[in-house]
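A.B. asks: Structure: coords.tsv, TSV, C-alpha atoms.
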```tsv
chain	number	residue	atom	x	y	z
A	1134	MET	CA	100.19	106.37	44.69
A	1135	PRO	CA	103.51	104.54	44.94
A	1136	ARG	CA	104.80	103.57	48.31
A	1137	SER	CA	107.78	105.66	49.30
A	1138	SER	CA	111.08	104.27	50.44
A	1139	ILE	CA	111.38	103.29	54.06
A	1140	SER	CA	113.99	106.05	54.51
A	1141	LYS	CA	111.52	108.67	53.37
A	1142	ARG	CA	108.71	107.32	55.50
A	1143	PHE	CA	110.94	106.89	58.53
A	1144	GLY	CA	112.16	110.47	58.17
A	1145	LEU	CA	108.63	111.83	58.13
A	1146	VAL	CA	107.70	109.78	61.16
A	1147	VAL	CA	110.77	110.92	63.10
A	1148	ARG	CA	110.02	114.56	62.26
A	1149	SER	CA	106.40	114.12	63.30
A	1150	PHE	CA	107.30	112.49	66.63
A	1151	ARG	CA	110.03	115.07	67.27
A	1152	ILE	CA	107.75	118.06	66.66
A	1153	ARG	CA	105.03	116.47	68.75
A	1154	SER	CA	107.58	116.16	71.57
A	1155	GLY	CA	108.54	119.82	71.21
A	1156	LEU	CA	112.16	118.95	70.52
A	1157	SER	CA	114.55	120.70	68.16
A	1158	GLN	CA	116.70	118.66	65.77
A	1159	GLU	CA	119.67	119.70	67.91
A	1160	THR	CA	118.15	118.36	71.10
A	1161	LEU	CA	117.10	115.12	69.45
A	1162	ALA	CA	120.59	114.73	68.00
A	1163	GLU	CA	122.22	115.36	71.35
A	1164	ARG	CA	119.98	112.85	73.11
A	1165	ALA	CA	120.64	110.23	70.44
A	1166	GLY	CA	124.37	110.90	70.31
A	1167	LEU	CA	124.20	111.92	66.67
A	1168	HIS	CA	125.26	114.99	64.73
A	1169	PRO	CA	122.41	117.48	64.07
A	1170	SER	CA	123.10	117.36	60.33
A	1171	TYR	CA	122.76	113.58	60.43
A	1172	VAL	CA	119.34	113.89	62.09
A	1173	SER	CA	118.38	116.44	59.45
A	1174	MET	CA	119.35	114.01	56.67
A	1175	VAL	CA	117.43	111.17	58.30
A	1176	GLU	CA	114.33	113.38	58.54
A	1177	ARG	CA	114.63	114.34	54.90
A	1178	GLY	CA	115.03	110.69	53.93
A	1179	THR	CA	118.38	111.30	52.28
A	1180	ARG	CA	120.19	109.11	54.77
A	1181	ASN	CA	119.28	105.46	55.17
A	1182	ALA	CA	119.56	104.90	58.93
A	1183	THR	CA	120.84	101.64	60.32
A	1184	LEU	CA	118.69	99.73	62.79
A	1185	ASP	CA	121.08	100.81	65.54
A	1186	VAL	CA	120.71	104.51	64.75
A	1187	ALA	CA	116.96	104.12	64.26
A	1188	GLU	CA	116.67	102.58	67.71
A	1189	ARG	CA	118.75	105.36	69.27
A	1190	ILE	CA	116.48	107.94	67.66
A	1191	ALA	CA	113.41	106.09	68.96
A	1192	SER	CA	114.89	106.04	72.44
A	1193	ALA	CA	115.70	109.76	72.27
A	1194	LEU	CA	112.07	110.34	71.33
A	1195	GLN	CA	111.04	108.28	74.36
A	1196	THR	CA	109.37	105.69	72.20
A	1197	SER	CA	110.35	102.33	70.72
A	1198	LEU	CA	111.61	101.38	67.30
A	1199	LYS	CA	108.50	99.26	66.97
A	1200	GLU	CA	106.32	102.36	67.41
A	1201	LEU	CA	108.23	104.29	64.76
A	1202	ILE	CA	108.18	101.41	62.27
A	1203	THR	CA	104.49	100.83	62.92
A	1204	ALA	CA	103.87	104.50	62.13
A	1205	CYS	CA	105.81	104.03	58.87
A	1206	GLU	CA	103.64	101.16	57.69
A	1207	GLY	CA	101.13	102.16	55.10
A	1208	LEU	CA	102.40	105.72	55.02
A	1209	THR	CA	102.42	107.10	51.51
A	1210	VAL	CA	104.22	110.24	50.51
A	1211	GLU	CA	102.80	112.17	47.61
A	1212	GLY	CA	105.11	113.05	44.79
A	1213	THR	CA	108.28	111.50	46.14
A	1214	GLY	CA	107.93	108.21	44.32
A	1215	ALA	CA	109.61	105.00	45.40
B	479	MET	CA	120.23	89.98	81.72
B	480	PRO	CA	121.37	92.88	79.52
B	481	ARG	CA	119.42	93.67	76.43
B	482	SER	CA	121.35	92.78	73.32
B	483	SER	CA	122.00	95.14	70.48
B	484	ILE	CA	119.28	95.54	67.90
B	485	SER	CA	121.62	93.99	65.31
B	486	LYS	CA	121.96	90.84	67.37
B	487	ARG	CA	118.25	90.61	68.06
B	488	PHE	CA	117.32	91.36	64.46
B	489	GLY	CA	119.72	88.65	63.25
B	490	LEU	CA	118.15	86.05	65.50
B	491	VAL	CA	114.67	87.03	64.39
B	492	VAL	CA	115.62	86.86	60.70
B	493	ARG	CA	117.18	83.43	61.19
B	494	SER	CA	114.11	82.22	63.04
B	495	PHE	CA	111.69	83.49	60.37
B	496	ARG	CA	113.90	82.12	57.58
B	497	ILE	CA	114.14	78.63	59.08
B	498	ARG	CA	110.42	78.64	59.79
B	499	SER	CA	109.86	79.44	56.10
B	500	GLY	CA	112.13	76.56	55.05
B	501	LEU	CA	114.46	78.91	53.18
B	502	SER	CA	118.22	78.66	52.87
B	503	GLN	CA	120.38	81.76	53.39
B	504	GLU	CA	121.10	81.61	49.66
B	505	THR	CA	117.43	81.68	48.71
B	506	LEU	CA	116.67	84.48	51.13
B	507	ALA	CA	119.64	86.45	49.80
B	508	GLU	CA	118.53	85.95	46.21
B	509	ARG	CA	114.98	87.04	46.98
B	510	ALA	CA	116.20	90.14	48.82
B	511	GLY	CA	118.81	91.02	46.21
B	512	LEU	CA	121.63	90.64	48.71
B	513	HIS	CA	124.83	88.61	48.81
B	514	PRO	CA	124.54	85.36	50.81
B	515	SER	CA	127.50	86.37	52.96
B	516	TYR	CA	125.75	89.62	53.78
B	517	VAL	CA	122.67	87.73	54.95
B	518	SER	CA	124.92	85.50	57.03
B	519	MET	CA	126.48	88.53	58.71
B	520	VAL	CA	123.08	90.08	59.38
B	521	GLU	CA	121.90	86.82	60.99
B	522	ARG	CA	124.99	86.69	63.18
B	523	GLY	CA	124.46	90.30	64.19
B	524	THR	CA	127.87	91.34	62.92
B	525	ARG	CA	126.37	93.63	60.32
B	526	ASN	CA	124.11	96.51	61.26
B	527	ALA	CA	121.46	96.47	58.55
B	528	THR	CA	119.99	99.68	57.23
B	529	LEU	CA	116.22	100.16	57.32
B	530	ASP	CA	116.18	99.64	53.56
B	531	VAL	CA	117.95	96.28	53.74
B	532	ALA	CA	115.88	95.25	56.75
B	533	GLU	CA	112.71	95.94	54.80
B	534	ARG	CA	113.96	93.98	51.78
B	535	ILE	CA	114.72	91.03	54.05
B	536	ALA	CA	111.25	91.28	55.58
B	537	SER	CA	109.70	91.32	52.12
B	538	ALA	CA	111.77	88.30	51.04
B	539	LEU	CA	110.46	86.51	54.13
B	540	GLN	CA	106.93	87.45	53.07
B	541	THR	CA	106.41	89.50	56.18
B	542	SER	CA	106.69	93.18	57.11
B	543	LEU	CA	109.47	95.11	58.80
B	544	LYS	CA	106.97	95.86	61.54
B	545	GLU	CA	106.58	92.13	62.22
B	546	LEU	CA	110.33	91.59	62.43
B	547	ILE	CA	110.90	94.60	64.70
B	548	THR	CA	108.00	93.55	66.90
B	549	ALA	CA	109.62	90.13	67.27
B	550	CYS	CA	112.86	91.88	68.27
B	551	GLU	CA	111.25	93.81	71.09
B	552	GLY	CA	111.91	92.38	74.48
B	553	LEU	CA	114.12	89.66	73.04
B	554	THR	CA	117.12	89.00	75.26
B	555	VAL	CA	120.12	87.04	74.16
B	556	GLU	CA	122.01	85.24	76.88
B	557	GLY	CA	125.72	85.77	77.12
B	558	THR	CA	126.15	88.18	74.27
B	559	GLY	CA	125.82	91.37	76.31
B	560	ALA	CA	124.89	94.72	74.89
```
Would you give me this structure, written as structure tokens?
C.D. replies:
Amino acid sequence: MPRSSISKRFGLVVRSFRIRSGLSQETLAERAGLHPSYVSMVERGTRNATLDVAERIASALQTSLKELITACEGLTVEGTGA
Amino acid sequence: MPRSSISKRFGLVVRSFRIRSGLSQETLAERAGLHPSYVSMVERGTRNATLDVAERIASALQTSLKELITACEGLTVEGTGA
């Protein structure tokens, strides 16, 4: 199975952490100072977040960028390709 | 001491890993498929890399994005502020 792009993997991890925290995309966006549609694009992997935005999202999820990136490592996403 | 921006910290970490690997900015850029001036800006923290670019740089340094981000955590940079 090919390894998916970091954007795709990061998006899945953000969604997973967000749902686990019981937050809506709107709440996460507000906490991170981002537009809800931007958060939606990041979660779908259609927007390649900068390190700055990625760190703000991590902070809004009350975790660290390191935690999110660690969760991305080795993650494979079926069917989405590279 | 204020915590510096992730861009600044990431740049310092990339420079440190690159020098430790005995690579020039040009060689790192070539390996990562980036322009040398772009790598220079990333190292100086004046360019906020995307996760995609950050991962390509990690790969060119024969390490993982997780390693680079871990090295960024807790790093403080004197005098540069947030």
A.B. asks: Taking only C-alpha atoms into account, produce a table as CSV in which each residue of chain B with an atom at most 12 Å from an atom of chain A appears once, together with its shortest atom pair and the distance in Å to one decimal, ordered by chain and rising number.
C.D. replies:
```
residue,atom,partner,partner_atom,distance
B:Ser482,CA,A:Asp1185,CA,11.2
B:Ser483,CA,A:Asp1185,CA,7.6
B:Ile484,CA,A:Asp1185,CA,6.0
B:Ser485,CA,A:Asp1185,CA,6.8
B:Lys486,CA,A:Asp1185,CA,10.2
B:Arg487,CA,A:Leu1184,CA,10.5
B:Phe488,CA,A:Leu1184,CA,8.6
B:Gly489,CA,A:Leu1184,CA,11.1
B:Val520,CA,A:Leu1184,CA,11.1
B:Gly523,CA,A:Asp1185,CA,11.1
B:Thr524,CA,A:Asp1185,CA,11.9
B:Arg525,CA,A:Thr1183,CA,9.7
B:Asn526,CA,A:Thr1183,CA,6.2
B:Ala527,CA,A:Thr1183,CA,5.5
B:Thr528,CA,A:Thr1183,CA,3.8
B:Leu529,CA,A:Thr1183,CA,5.7
B:Asp530,CA,A:Ile1139,CA,6.1
B:Val531,CA,A:Thr1183,CA,9.0
B:Ala532,CA,A:Leu1184,CA,8.0
B:Glu533,CA,A:Ile1139,CA,7.5
B:Arg534,CA,A:Ile1139,CA,9.9
B:Ser542,CA,A:Glu1206,CA,8.6
B:Leu543,CA,A:Ile1202,CA,7.3
B:Lys544,CA,A:Thr1203,CA,5.7
B:Glu545,CA,A:Lys1199,CA,8.8
B:Leu546,CA,A:Lys1199,CA,9.1
B:Ile547,CA,A:Lys1199,CA,5.7
B:Thr548,CA,A:Lys1199,CA,5.7
B:Ala549,CA,A:Lys1199,CA,9.2
B:Cys550,CA,A:Lys1199,CA,8.7
B:Glu551,CA,A:Lys1199,CA,7.4
B:Gly552,CA,A:Lys1199,CA,10.7
B:Ala560,CA,A:Asp1185,CA,11.8
```
A.B. asks: Where's the centre, and what are the edge lengths in Å to one decimal, of a box along x, y and z enclosing all listed atoms of segment 1152-1171 of chain A padded 3 Å per side, as JSON?
C.D. replies:
```
{"center_x": 115.1, "center_y": 115.5, "center_z": 66.7, "size_x": 26.2, "size_y": 16.5, "size_z": 18.8}
```
A.B. asks: To one decimal in Å, tell me the separation between atom CA of Val1146 of chain A and atom CA of Glu521 of chain B.
C.D. replies: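 Value for the atom CA of Val1146 of chain A-atom CA of Glu521 of chain B distance: 27.0 Å.
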A.B. asks: What is the distance, in Å and to one decimal place, between atom CA of Leu1208 of chain A and atom CA of Gly1166 of chain A?
C.D. replies: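 These atoms are spaced 27.3 Å apart.
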A.B. asks: Suppose you want the space between atom CA of Ile535 of chain B and atom CA of Val1147 of chain A; what is it in Å?
C.D. replies: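 So the two atoms, atom CA of Ile535 of chain B and atom CA of Val1147 of chain A, lie 22.2 Å apart.
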A.B. asks: Taking only C-alpha atoms into account, which of B:Leu490, B:Ser499, B:Glu504, B:Val517 comes nearest Thr541 of chain B?
C.D. replies: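 Selected residue with least distance to Thr541 of chain B: B:Ser499.
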